[in-house]
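Asker: Dropping the structure in here first, questions after.
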Amino acid sequence: MKVLVIGNGAREHALCRSLSLDPDVTALHCAPGNAGIAEVAELHQVDALDGTAVSALAGELGVDLVVVGPEAPLVAGVADAVREAGIPVFGPSKEAAQLEGSKAFAKEVMAGAGVPTARSYVCTTPAEVDEALDAFGTPYVVKDDGLAAGKGVVVTDDIQVAAAHANACERVVIEEYLDGPEVSLFAITDGQTVVPLQPAQDFKRALDGDEGPNTGGMGAYSPLPWADPKLVDEVLQTVLQPTVDEMRRRGTPFSGLLYAGLAITSRGVRVIEFNARFGDPETQVVLARLKTPLGGVLLAAANGTLDVLEPLRWSDDAAVTVVVASRNYPATPRTGDPITGLDEVAAQDAPHAYVLHAGTKRTGDAIVSAGGRVLSVTATGKNLTEARDRAYQAVSRIHLDGSQHRTDIAAKAAGA
């Protein structure tokens, strides 16, 4: 099987790494990729938002499967163009990707499917914003209706900050605050059958102790020792399957990766948001624990044959990933700084710990930073304590001037 992965982040590096370990994958391509992905896949330059260009590249390469990683190409309809070219693709259509592309649309689908979520208002004027903020009170939860690269959500006790964010958005969803721990649960679906993966927890705030601004994610871990063993089955029955059924009923079947961001509240499980693709950094830890070869699973979703797929097999090991970010992330991250120590990690920490590249590029013989979240270190171990120790040991070998990372990823869950 020849596979083309679209994207250039740590999520796509994690996907490419897993696919490179699949004995059925005979050729692996990525566009546009990054310096780390180049070690496991052949890179190609393409505009990831141009469906015609992506489908043409897939045709030229003669691939058997295209995997669209990021949300922006999905919302732009790249998967549709590839399907129209007759090539199997893992990723929802433009219409179905509105589950992530529009918070208001997702709320409509959840209402139709009877999926438990926070009460909310959709606002387009300052007057509507003021009314919604008054209705819910603190903490204020304000979400840009459209895509915002993981930075469109503000949770604050300051009504002026909440109102300023809301009024800066063309359309905004303001909702009640959901108490309790958050969980990410991915599911692979072909539009009918839903196969849940293992749950993970990520860390959105930039600083230790969940302080600082929201980010795209500073780390993650799996499994969740504190979670109810019945959580996955409950979410499958009350959230994932009803949502997929509702999307099919609407005439916009959802095929690909459905990501449910959940709050385990005092009143039960509630959906915070849906994403239409693998989440970063949770993908890194979930795929680190998946023993079933990935290529066949993604192809079954693309071909509508998930119902005959063997049950997924999982490692009992724990996995932890720690994100290393640039100076000033998430405000105005500095780029172009050299990254050293990657060879040391490969020599001394593999196979239990490895680096997944996000915002990197090669300049001559050097690998330099090229984004806010530069890379993530993923490690496995017999438990979360061992996985954490291995991850942070590997992080300590990497040098990037002015870089930052959280030191408390999975600490509470591991009892550290």
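Naming scheme: A, B, ... for chains in displayed order of the structure tokens; residues 1 onward per chain; ligands 1 onward as shown.
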Give the strand (DSSP E) residues of segment 166-255 of chain A, as assigned by DSSP on the backbone, as a list in words.
Answerer: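 Result set for segment 166-255 of chain A (strand (DSSP E)): Val172, Val173, Ile174, Glu175, Glu182, Val183, Ser184, Leu185, Phe186, Ala187, Ile188, Thr189, Val194, Val195, Pro196, Gln201, Asp202, Arg205, Ala206, Leu207, Glu211, Gly212, Pro213, Asn214, Gly219, Ala220, Tyr221 and Ser222 of chain A.
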Asker: DSSP on the backbone, alpha helix (DSSP H) only: what residues of segment 88-233 of chain A does that give? Format it as a PyMOL selection string.
Answerer: chain A and resi 98-101+103-113+126-136+159-167+231-233
Asker: List every residue of segment 241-355 of chain A that has an atom at most 12 Å from any atom of segment 151-166 of chain A, and for each one report the closest atom pair and its distance in Å to one decimal, counting only C-alpha atoms, with rows sorted by chain and then by increasing residue number, as CSV.
Answerer:
```
residue,atom,partner,partner_atom,distance
A:Ile272,CA,A:Val153,CA,11.0
A:Glu273,CA,A:Val153,CA,10.7
A:Tyr329,CA,A:Lys151,CA,11.7
A:Pro330,CA,A:Lys151,CA,8.9
A:Ala331,CA,A:Lys151,CA,10.5
```
Asker: Please provide as a compact mmCIF listing (two decimals) with N, CA and C atoms, in the first residue's frame all residues within 12 Å of Gly59 of chain A, with the sequence filter that same-chain residues fewer than 3 positions apart are discarded (counting only C-alpha atoms).
Answerer:
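So the final result, stored in part34.txt, reads:
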```
# COMPACT_ATOMS: atom_id res chain seq x y z
N LYS A 2 0.60 2.16 -0.92
CA LYS A 2 1.29 3.45 -0.98
C LYS A 2 0.40 4.51 -0.34
N VAL A 3 0.97 5.31 0.56
CA VAL A 3 0.18 6.28 1.33
C VAL A 3 0.78 7.67 1.19
N LEU A 4 -0.09 8.66 1.04
CA LEU A 4 0.30 10.08 1.03
C LEU A 4 -0.38 10.77 2.20
N THR A 52 -7.21 20.36 -5.89
CA THR A 52 -6.81 19.93 -7.24
C THR A 52 -5.34 19.53 -7.25
N ALA A 53 -4.50 20.33 -6.59
CA ALA A 53 -3.06 20.03 -6.55
C ALA A 53 -2.79 18.77 -5.74
N VAL A 54 -3.50 18.59 -4.63
CA VAL A 54 -3.30 17.40 -3.79
C VAL A 54 -3.73 16.14 -4.54
N SER A 55 -4.90 16.18 -5.19
CA SER A 55 -5.37 15.00 -5.92
C SER A 55 -4.46 14.70 -7.11
N ALA A 56 -3.92 15.75 -7.76
CA ALA A 56 -2.99 15.53 -8.87
C ALA A 56 -1.72 14.85 -8.38
N GLY A 62 0.61 7.54 -7.61
CA GLY A 62 -0.07 6.25 -7.65
C GLY A 62 -0.38 5.69 -6.27
N VAL A 63 -0.77 6.56 -5.34
CA VAL A 63 -1.01 6.09 -3.98
C VAL A 63 -2.36 5.38 -3.86
N ASP A 64 -2.44 4.53 -2.84
CA ASP A 64 -3.66 3.78 -2.57
C ASP A 64 -4.52 4.45 -1.50
N LEU A 65 -3.93 5.43 -0.80
CA LEU A 65 -4.65 6.11 0.29
C LEU A 65 -4.03 7.48 0.52
N VAL A 66 -4.90 8.48 0.68
CA VAL A 66 -4.47 9.82 1.09
C VAL A 66 -5.03 10.07 2.49
N ALA A 81 -11.99 16.61 -3.24
CA ALA A 81 -11.28 16.60 -4.52
C ALA A 81 -10.57 15.27 -4.74
N VAL A 82 -9.99 14.72 -3.67
CA VAL A 82 -9.29 13.44 -3.80
C VAL A 82 -10.29 12.32 -4.09
N ARG A 83 -11.43 12.35 -3.39
CA ARG A 83 -12.46 11.33 -3.65
C ARG A 83 -12.97 11.40 -5.08
N GLU A 84 -13.17 12.62 -5.56
CA GLU A 84 -13.67 12.80 -6.93
C GLU A 84 -12.68 12.26 -7.96
N ALA A 85 -11.40 12.21 -7.57
CA ALA A 85 -10.38 11.65 -8.46
C ALA A 85 -10.33 10.12 -8.36
N GLY A 86 -11.18 9.55 -7.53
CA GLY A 86 -11.26 8.09 -7.41
C GLY A 86 -10.21 7.48 -6.52
N ILE A 87 -9.62 8.29 -5.64
CA ILE A 87 -8.57 7.80 -4.74
C ILE A 87 -9.12 7.73 -3.31
N PRO A 88 -9.00 6.58 -2.62
CA PRO A 88 -9.47 6.50 -1.23
C PRO A 88 -8.80 7.56 -0.36
```
Asker: In terms of the shortest atom-to-atom distance over only C-alpha atoms, which of A:Leu309, A:Ala391, A:Ile339, A:Met110 is closest to Asp365 of chain A?
Answerer: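 Ranking A:Leu309, A:Ala391, A:Ile339, A:Met110 by distance to Asp365 of chain A, first place goes to A:Ile339.
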Asker: Under the rule that only C-alpha atoms are counted, which of A:Gly191, A:Gly336, A:Gly9, A:Gly402 is the nearest residue to Met247 of chain A?
Answerer: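 Ranked by minimum distance to Met247 of chain A, first place goes to A:Gly191.
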Asker: From the set A:Ala366, A:Val239, A:Val374, A:Ile174, which residue has the shortest atom-to-atom contact distance to Cys123 of chain A, counting only C-alpha atoms?
Answerer: A:Ile174
Asker: Have a look at A:Val115, A:Val286, A:Ala76, A:Ala58 and name the one nearest to Pro242 of chain A; count only C-alpha atoms.
Answerer: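 Looking only at the distances to Pro242 of chain A, the closest residue turns out to be A:Val115.
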Asker: To one decimal place in Å, what is the distance between atom CA of Thr283 of chain A and atom CA of Gly7 of chain A?
Answerer: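 Atom CA of Thr283 of chain A sits 13.9 Å away from atom CA of Gly7 of chain A.
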Asker: Any idea what the distance is between atom CA of Ser20 of chain A and atom CA of Gly295 of chain A?
Answerer: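 These atoms are spaced 9.1 Å apart.
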Asker: Measuring atom to atom with only C-alpha atoms, identify which of A:Gln393, A:Gln237, A:Thr340, A:Asn8 is nearest to Val368 of chain A.
Answerer: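 Smallest separation from Val368 of chain A among the options: A:Thr340.
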Asker: Compile the contact shell of Gln348 of chain A as a list in words: residues with an atom at most 10 Å away, counting only C-alpha atoms, same-chain residues fewer than 6 positions apart removed.
Answerer: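 Contacts, with the query itself left out: Tyr354, Gln393, Ala394 and Arg397 of chain A.
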Asker: Would you save the residues of that selection, restricted to C-alpha atoms, as a PDB file, in the first residue's frame?
Answerer:
```pdb
ATOM      1  CA  TYR A 354      11.624   9.758  20.349  1.00  0.00           C
ATOM      2  CA  GLN A 393      15.144  12.904  30.234  1.00  0.00           C
ATOM      3  CA  ALA A 394      14.960  13.172  26.448  1.00  0.00           C
ATOM      4  CA  ARG A 397      19.082  16.607  25.900  1.00  0.00           C
TER       5      ARG A 397
END
```
Asker: If you count only C-alpha atoms, which residues fall within 7 Å of segment 251-258 of chain A, apart from same-chain ones fewer than 2 positions away, as a PyMOL selection string?
Answerer: chain A and resi 90-92+95-96+186-191+244+247-249+260+275-278+301
Asker: For the selection you just gave me, I'd like the residues written to a file as a PDB file, in the first residue's frame, keeping N, CA and C atoms.
Answerer:
```pdb
ATOM      1  N   PHE A  90      -8.713   9.306   3.723  1.00  0.00           N
ATOM      2  CA  PHE A  90      -9.113   9.316   5.126  1.00  0.00           C
ATOM      3  C   PHE A  90      -9.272  10.769   5.538  1.00  0.00           C
ATOM      4  N   GLY A  91     -10.518  11.174   5.754  1.00  0.00           N
ATOM      5  CA  GLY A  91     -10.821  12.553   6.119  1.00  0.00           C
ATOM      6  C   GLY A  91     -12.208  12.903   5.643  1.00  0.00           C
ATOM      7  N   PRO A  92     -12.957  13.676   6.408  1.00  0.00           N
ATOM      8  CA  PRO A  92     -14.337  13.998   6.044  1.00  0.00           C
ATOM      9  C   PRO A  92     -14.434  14.990   4.893  1.00  0.00           C
ATOM     10  N   GLU A  95     -18.405  19.497   3.797  1.00  0.00           N
ATOM     11  CA  GLU A  95     -19.643  19.702   4.557  1.00  0.00           C
ATOM     12  C   GLU A  95     -19.562  19.043   5.926  1.00  0.00           C
ATOM     13  N   ALA A  96     -19.050  17.810   5.979  1.00  0.00           N
ATOM     14  CA  ALA A  96     -18.969  17.107   7.255  1.00  0.00           C
ATOM     15  C   ALA A  96     -17.938  17.737   8.184  1.00  0.00           C
ATOM     16  N   PHE A 186     -10.751   9.968  20.533  1.00  0.00           N
ATOM     17  CA  PHE A 186     -10.813   9.884  19.084  1.00  0.00           C
ATOM     18  C   PHE A 186     -11.622   8.659  18.684  1.00  0.00           C
ATOM     19  N   ALA A 187     -12.273   8.751  17.534  1.00  0.00           N
ATOM     20  CA  ALA A 187     -12.933   7.589  16.946  1.00  0.00           C
ATOM     21  C   ALA A 187     -12.712   7.603  15.448  1.00  0.00           C
ATOM     22  N   ILE A 188     -12.430   6.451  14.893  1.00  0.00           N
ATOM     23  CA  ILE A 188     -12.310   6.286  13.451  1.00  0.00           C
ATOM     24  C   ILE A 188     -13.652   5.765  12.941  1.00  0.00           C
ATOM     25  N   THR A 189     -14.162   6.399  11.882  1.00  0.00           N
ATOM     26  CA  THR A 189     -15.480   6.016  11.376  1.00  0.00           C
ATOM     27  C   THR A 189     -15.506   6.062   9.854  1.00  0.00           C
ATOM     28  N   ASP A 190     -16.315   5.193   9.273  1.00  0.00           N
ATOM     29  CA  ASP A 190     -16.525   5.199   7.827  1.00  0.00           C
ATOM     30  C   ASP A 190     -17.871   5.814   7.461  1.00  0.00           C
ATOM     31  N   GLY A 191     -18.494   6.466   8.436  1.00  0.00           N
ATOM     32  CA  GLY A 191     -19.794   7.085   8.211  1.00  0.00           C
ATOM     33  C   GLY A 191     -20.932   6.268   8.782  1.00  0.00           C
ATOM     34  N   VAL A 244     -22.454  10.439  14.470  1.00  0.00           N
ATOM     35  CA  VAL A 244     -22.242   9.875  13.134  1.00  0.00           C
ATOM     36  C   VAL A 244     -23.574   9.537  12.477  1.00  0.00           C
ATOM     37  N   MET A 247     -25.214  12.829  11.354  1.00  0.00           N
ATOM     38  CA  MET A 247     -24.571  13.364  10.161  1.00  0.00           C
ATOM     39  C   MET A 247     -25.034  12.610   8.910  1.00  0.00           C
ATOM     40  N   ARG A 248     -25.159  11.305   9.028  1.00  0.00           N
ATOM     41  CA  ARG A 248     -25.638  10.510   7.892  1.00  0.00           C
ATOM     42  C   ARG A 248     -27.093  10.854   7.573  1.00  0.00           C
ATOM     43  N   ARG A 249     -27.902  11.044   8.613  1.00  0.00           N
ATOM     44  CA  ARG A 249     -29.313  11.394   8.422  1.00  0.00           C
ATOM     45  C   ARG A 249     -29.463  12.729   7.708  1.00  0.00           C
ATOM     46  N   ALA A 260     -13.769  13.875  19.947  1.00  0.00           N
ATOM     47  CA  ALA A 260     -14.669  14.470  20.933  1.00  0.00           C
ATOM     48  C   ALA A 260     -13.862  14.996  22.111  1.00  0.00           C
ATOM     49  N   ASN A 275     -13.701  17.903  16.876  1.00  0.00           N
ATOM     50  CA  ASN A 275     -12.742  18.175  15.819  1.00  0.00           C
ATOM     51  C   ASN A 275     -12.904  17.109  14.749  1.00  0.00           C
ATOM     52  N   ALA A 276     -12.471  17.432  13.539  1.00  0.00           N
ATOM     53  CA  ALA A 276     -12.685  16.545  12.400  1.00  0.00           C
ATOM     54  C   ALA A 276     -11.399  15.850  11.967  1.00  0.00           C
ATOM     55  N   ARG A 277     -10.433  15.772  12.887  1.00  0.00           N
ATOM     56  CA  ARG A 277      -9.123  15.185  12.552  1.00  0.00           C
ATOM     57  C   ARG A 277      -8.424  14.781  13.834  1.00  0.00           C
ATOM     58  N   PHE A 278      -7.326  14.055  13.701  1.00  0.00           N
ATOM     59  CA  PHE A 278      -6.515  13.701  14.858  1.00  0.00           C
ATOM     60  C   PHE A 278      -6.071  14.969  15.571  1.00  0.00           C
ATOM     61  N   ALA A 301     -11.570   2.632   6.903  1.00  0.00           N
ATOM     62  CA  ALA A 301     -12.476   3.773   7.091  1.00  0.00           C
ATOM     63  C   ALA A 301     -12.753   4.436   5.744  1.00  0.00           C
TER      64      ALA A 301
END
```
